[in-house]
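> So that we are looking at the same thing, I have put the structure below in structure tokens.
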Amino acid sequence: MKDFKINQFQQDLITWFEHEQRILPWREDQDPYKVWVSEIMLQQTRVDTVIPYFLNFIKQFPNIESLANADEEHVLKAWEGLGYYSRVRNLQSAVREVHENYGGIVPNTPEEISKLKGIGPYTTGSILSIAYGVPEPAVDGNVMRVLSRILSIWDDIAKPKTRKIFEAIIRDIISKENPSFFNQGLMELGAIVCTPSSPSCLLCPVQDHCQSFKDGTQKELPVKTKKNIVKELPMAACVFVTDDDKVLISKRPETGLLAKLWEFPNVEVVKELTSPKEQLMSFAEETFNVSLQVDDVIGTLQHVFSHLTWNITVYKGRLSNEPVQSDTVKLVTLEELKQYAFPVSHQKIWKQYLEDKSSQLV
DNA sequence: AATTCGGGGAA
DNA sequence: TTCCCAGAATT
């Protein structure tokens with residue numbers, strides 16, 4: 001970094017951010033709670049995806065107290081479709097912690113705030129710098145890409161230790177006067193100028209400071225090894241309805257994939273020893289302790305997660321008697337169904353059921 | 001250090 | 001198709 005002019009770089013970056021930053025709902029003020037909510041939502045999630053969720057979430061839960069006192073079911077429903085659902089469970093847990101042990105004031109030191117659930121190294125730095133003006137590094141994917149190009153750093157950003165290298169660099173070059181705009185400027189630059197595939201170097205406000213632009217290596221950086229292929233799991237799912245048109249749903253376990261979301265009865269199809277339909281029926285009878293029948297296949301669908309793929313065969317079925325209901329098993333009307341949070345995969349199942357149902361009427 | 005957590009937009 | 005996004009928790 002011998003020839004790297006830190007002061008000039010800070011000024012160019014911050015001045016550019018002041019003029020070119022996007023108008024975003026979470027930039028209207030620096031309320032630590034709202035900054036917090038936005039940063040959790042933005043983890044591994046695009047700005048355009050987050051905007052409507054953020055607006056709705058803040059409308060429903062405008063402050064620490066309202067989220068602390070909210071029903072978990074309502075909170076999960078507000079997160080429905082956004083993914084990584086442990087984020088919002090951890091957020092509410094941490095907000096309750098702040099409500100009870102910090103007098104409702106988001107702590108302003110790295111030691112305290114990083115102890116809160118769901119707040120890791122990146123979010124610690126982003127909240128502290130944006131909400132409180134504390135010069136802590138906030139190293140996300142954007143920052144690693146931008147800095148790897150500017151300083152020509154060839155470490156593999158897929159490795160966990162590489163993030164620490166960038167944090168150390170940021171500590172050296174962050175603006176002490178305006179750490180908020182410095183951090184946000186780096187991220188904004190990565191989002192709209194220094195993009196992954198074809199960066200707009202000719203429009204870049206810090207082009208003069210960029211080593212990889214000088215070298216013409218900007219398209220080779222950052223170095224990032226790719227991950228392995230995902231497993232495919234055959235699944236069978238069924239929408240069971242009663243004679244008075246109520247639907248059987250159940251709640252997923254408290255940990256693991258899609259924790260605490262609701263779903264339609266389903267099984268992973270193991271072998272072709274018995275038919276998928278057979279496996280689905282015996283699973284449902286044992287789980288819900290009711291007599292039932294599985295009827296026709298409505299359709300099939302594929303749902304892709306980051307680490308696995310579900311290949312789901314969708315059935316419809318009928319219940320002859322009502323199951324015992326509980327906190328995790330319910331029989332609901334079509335209208336009541338809308339109150340429950342479902343993963344997108346099961347929203348697709350429900351959509352197929354409705355399409356099949358309407359086609360039967362014609 | 002590697003894996004597990006969702007979902008969708010863009011190239 | 002592949003990539004990867006304002007990452008954190010768990011193993």
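Labels used: A, B, ... for chains in the order of the structure tokens, numbers from 1 for residues in each chain, and numbers from 1 for ligands as shown.
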At most 6 Å is the cut-off: for each residue in chain A with any atom that close to an atom of chain C, write down the nearest atom pair and the distance in Å rounded to one decimal, counting only C-alpha atoms (C1' of nucleotides), chain first then increasing number, as a Markdown table.


| residue | atom | partner | partner_atom | distance |
| --- | --- | --- | --- | --- |
| A:Leu42 | CA | C:DA6 | C1' | 5.4 |
| A:Gln43 | CA | C:DG7 | C1' | 5.4 |
| A:Gln44 | CA | C:DC5 | C1' | 4.9 |
| A:Thr45 | CA | C:DC5 | C1' | 5.2 |
| A:Arg46 | CA | C:DC5 | C1' | 5.5 |
| A:Gly118 | CA | C:DA8 | C1' | 5.9 |
| A:Gly120 | CA | C:DA8 | C1' | 5.9 |

> Pull all heavy atoms from the residues just selected and write them as a short mmCIF file (atom, residue, chain, number, x, y, z; two decimals), in the first residue's frame.


data_model
loop_
_atom_site.label_atom_id
_atom_site.label_comp_id
_atom_site.auth_asym_id
_atom_site.auth_seq_id
_atom_site.Cartn_x
_atom_site.Cartn_y
_atom_site.Cartn_z
N LEU A 42 -30.63 -7.47 4.96
CA LEU A 42 -29.75 -7.37 3.80
C LEU A 42 -28.67 -8.45 3.76
O LEU A 42 -27.94 -8.57 2.78
CB LEU A 42 -29.10 -5.98 3.77
CG LEU A 42 -30.04 -4.86 3.34
CD1 LEU A 42 -29.51 -3.50 3.75
CD2 LEU A 42 -30.27 -4.89 1.84
N GLN A 43 -28.60 -9.27 4.83
CA GLN A 43 -27.61 -10.35 4.82
C GLN A 43 -27.92 -11.32 3.69
O GLN A 43 -28.97 -11.97 3.68
CB GLN A 43 -27.60 -11.08 6.17
CG GLN A 43 -27.00 -10.26 7.30
CD GLN A 43 -27.25 -10.89 8.66
OE1 GLN A 43 -27.81 -11.97 8.77
NE2 GLN A 43 -26.80 -10.22 9.72
N GLN A 44 -27.02 -11.44 2.75
CA GLN A 44 -27.17 -12.37 1.63
C GLN A 44 -28.44 -12.13 0.83
O GLN A 44 -29.00 -13.05 0.22
CB GLN A 44 -27.15 -13.82 2.14
CG GLN A 44 -25.84 -14.21 2.75
CD GLN A 44 -24.73 -14.26 1.72
OE1 GLN A 44 -24.69 -15.14 0.88
NE2 GLN A 44 -23.82 -13.30 1.79
N THR A 45 -28.94 -10.89 0.87
CA THR A 45 -30.21 -10.60 0.21
C THR A 45 -30.13 -9.24 -0.48
O THR A 45 -29.64 -8.28 0.09
CB THR A 45 -31.35 -10.58 1.24
OG1 THR A 45 -31.28 -11.75 2.04
CG2 THR A 45 -32.70 -10.53 0.55
N ARG A 46 -30.62 -9.19 -1.71
CA ARG A 46 -30.52 -7.99 -2.53
C ARG A 46 -31.36 -6.84 -2.01
O ARG A 46 -32.43 -7.04 -1.43
CB ARG A 46 -30.95 -8.28 -3.96
CG ARG A 46 -29.89 -8.78 -4.84
CD ARG A 46 -30.50 -9.35 -6.12
NE ARG A 46 -29.82 -10.59 -6.46
CZ ARG A 46 -28.57 -10.65 -6.88
NH1 ARG A 46 -27.89 -9.55 -7.05
NH2 ARG A 46 -28.00 -11.80 -7.14
N GLY A 118 -27.39 -13.14 16.22
CA GLY A 118 -27.55 -12.77 14.82
C GLY A 118 -26.67 -11.62 14.38
O GLY A 118 -26.69 -11.23 13.22
N GLY A 120 -23.05 -10.67 13.78
CA GLY A 120 -21.69 -11.16 13.59
C GLY A 120 -20.74 -10.01 13.29
O GLY A 120 -21.08 -8.84 13.52
#

> Got a sec to pull out which chain A residues are within 8 Å of chain B, counting only C-alpha atoms (C1' of nucleotides), and send them as a ChimeraX atom specification?

/A:81-86,160,197,256-257,305-307

> If you run DSSP on the backbone, which residues of stretch 96-317 of chain A are strand (DSSP E), as a count of residues only?

44

> Need to verify the contact set: stretch 321-333 of chain A, 8 Å, only C-alpha atoms (C1' of nucleotides), exclusion of same-chain residues closer than 3 positions in sequence. Can you return it as an MDAnalysis selection string?

chainID A and resid 242 245:252 288:292 336:337

> Restrict the selected residues to N, CA and C atoms and save them as a compact mmCIF listing (two decimals), in the first residue's frame.


# COMPACT_ATOMS: atom_id res chain seq x y z
N THR A 242 -60.75 -31.97 4.72
CA THR A 242 -61.91 -32.65 5.30
C THR A 242 -63.13 -32.42 4.42
N ASP A 245 -64.03 -28.94 4.01
CA ASP A 245 -63.03 -28.11 3.31
C ASP A 245 -62.00 -27.45 4.22
N LYS A 246 -61.67 -28.11 5.32
CA LYS A 246 -60.55 -27.62 6.13
C LYS A 246 -59.28 -28.37 5.75
N VAL A 247 -58.16 -27.71 5.93
CA VAL A 247 -56.88 -28.23 5.45
C VAL A 247 -55.95 -28.57 6.62
N LEU A 248 -55.24 -29.67 6.49
CA LEU A 248 -54.32 -30.12 7.54
C LEU A 248 -52.93 -29.52 7.33
N ILE A 249 -52.45 -28.78 8.35
CA ILE A 249 -51.08 -28.25 8.29
C ILE A 249 -50.35 -28.57 9.59
N SER A 250 -49.03 -28.55 9.54
CA SER A 250 -48.25 -28.79 10.75
C SER A 250 -47.04 -27.87 10.78
N LYS A 251 -46.49 -27.72 11.98
CA LYS A 251 -45.37 -26.79 12.17
C LYS A 251 -44.06 -27.55 12.17
N ARG A 252 -43.08 -27.02 11.45
CA ARG A 252 -41.77 -27.67 11.38
C ARG A 252 -41.03 -27.54 12.72
N PHE A 288 -50.27 -38.05 12.46
CA PHE A 288 -51.44 -37.28 12.89
C PHE A 288 -52.52 -38.15 13.52
N ASN A 289 -52.29 -39.46 13.51
CA ASN A 289 -53.20 -40.40 14.16
C ASN A 289 -54.64 -40.24 13.68
N VAL A 290 -54.81 -40.23 12.36
CA VAL A 290 -56.15 -40.14 11.78
C VAL A 290 -56.25 -41.16 10.64
N SER A 291 -57.47 -41.49 10.28
CA SER A 291 -57.63 -42.32 9.09
C SER A 291 -57.83 -41.40 7.89
N LEU A 292 -57.12 -41.71 6.84
CA LEU A 292 -57.11 -40.80 5.70
C LEU A 292 -56.86 -41.57 4.41
N GLU A 336 -58.23 -18.92 7.09
CA GLU A 336 -57.28 -18.98 8.22
C GLU A 336 -55.86 -19.30 7.77
N LEU A 337 -55.77 -20.04 6.67
CA LEU A 337 -54.47 -20.48 6.15
C LEU A 337 -53.53 -19.30 5.91

> Please, what distance in Å, to one decimal, runs between atom CA of A:Glu278 and atom CA of A:Val241?

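Separation of atom CA of A:Glu278 and atom CA of A:Val241: 18.0 Å.
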
> For atom CA of A:Gly216 and atom CA of A:Cys201, quote the distance in Å rounded to one decimal.

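Computed distance, atom CA of A:Gly216 to atom CA of A:Cys201, equals 10.2 Å.
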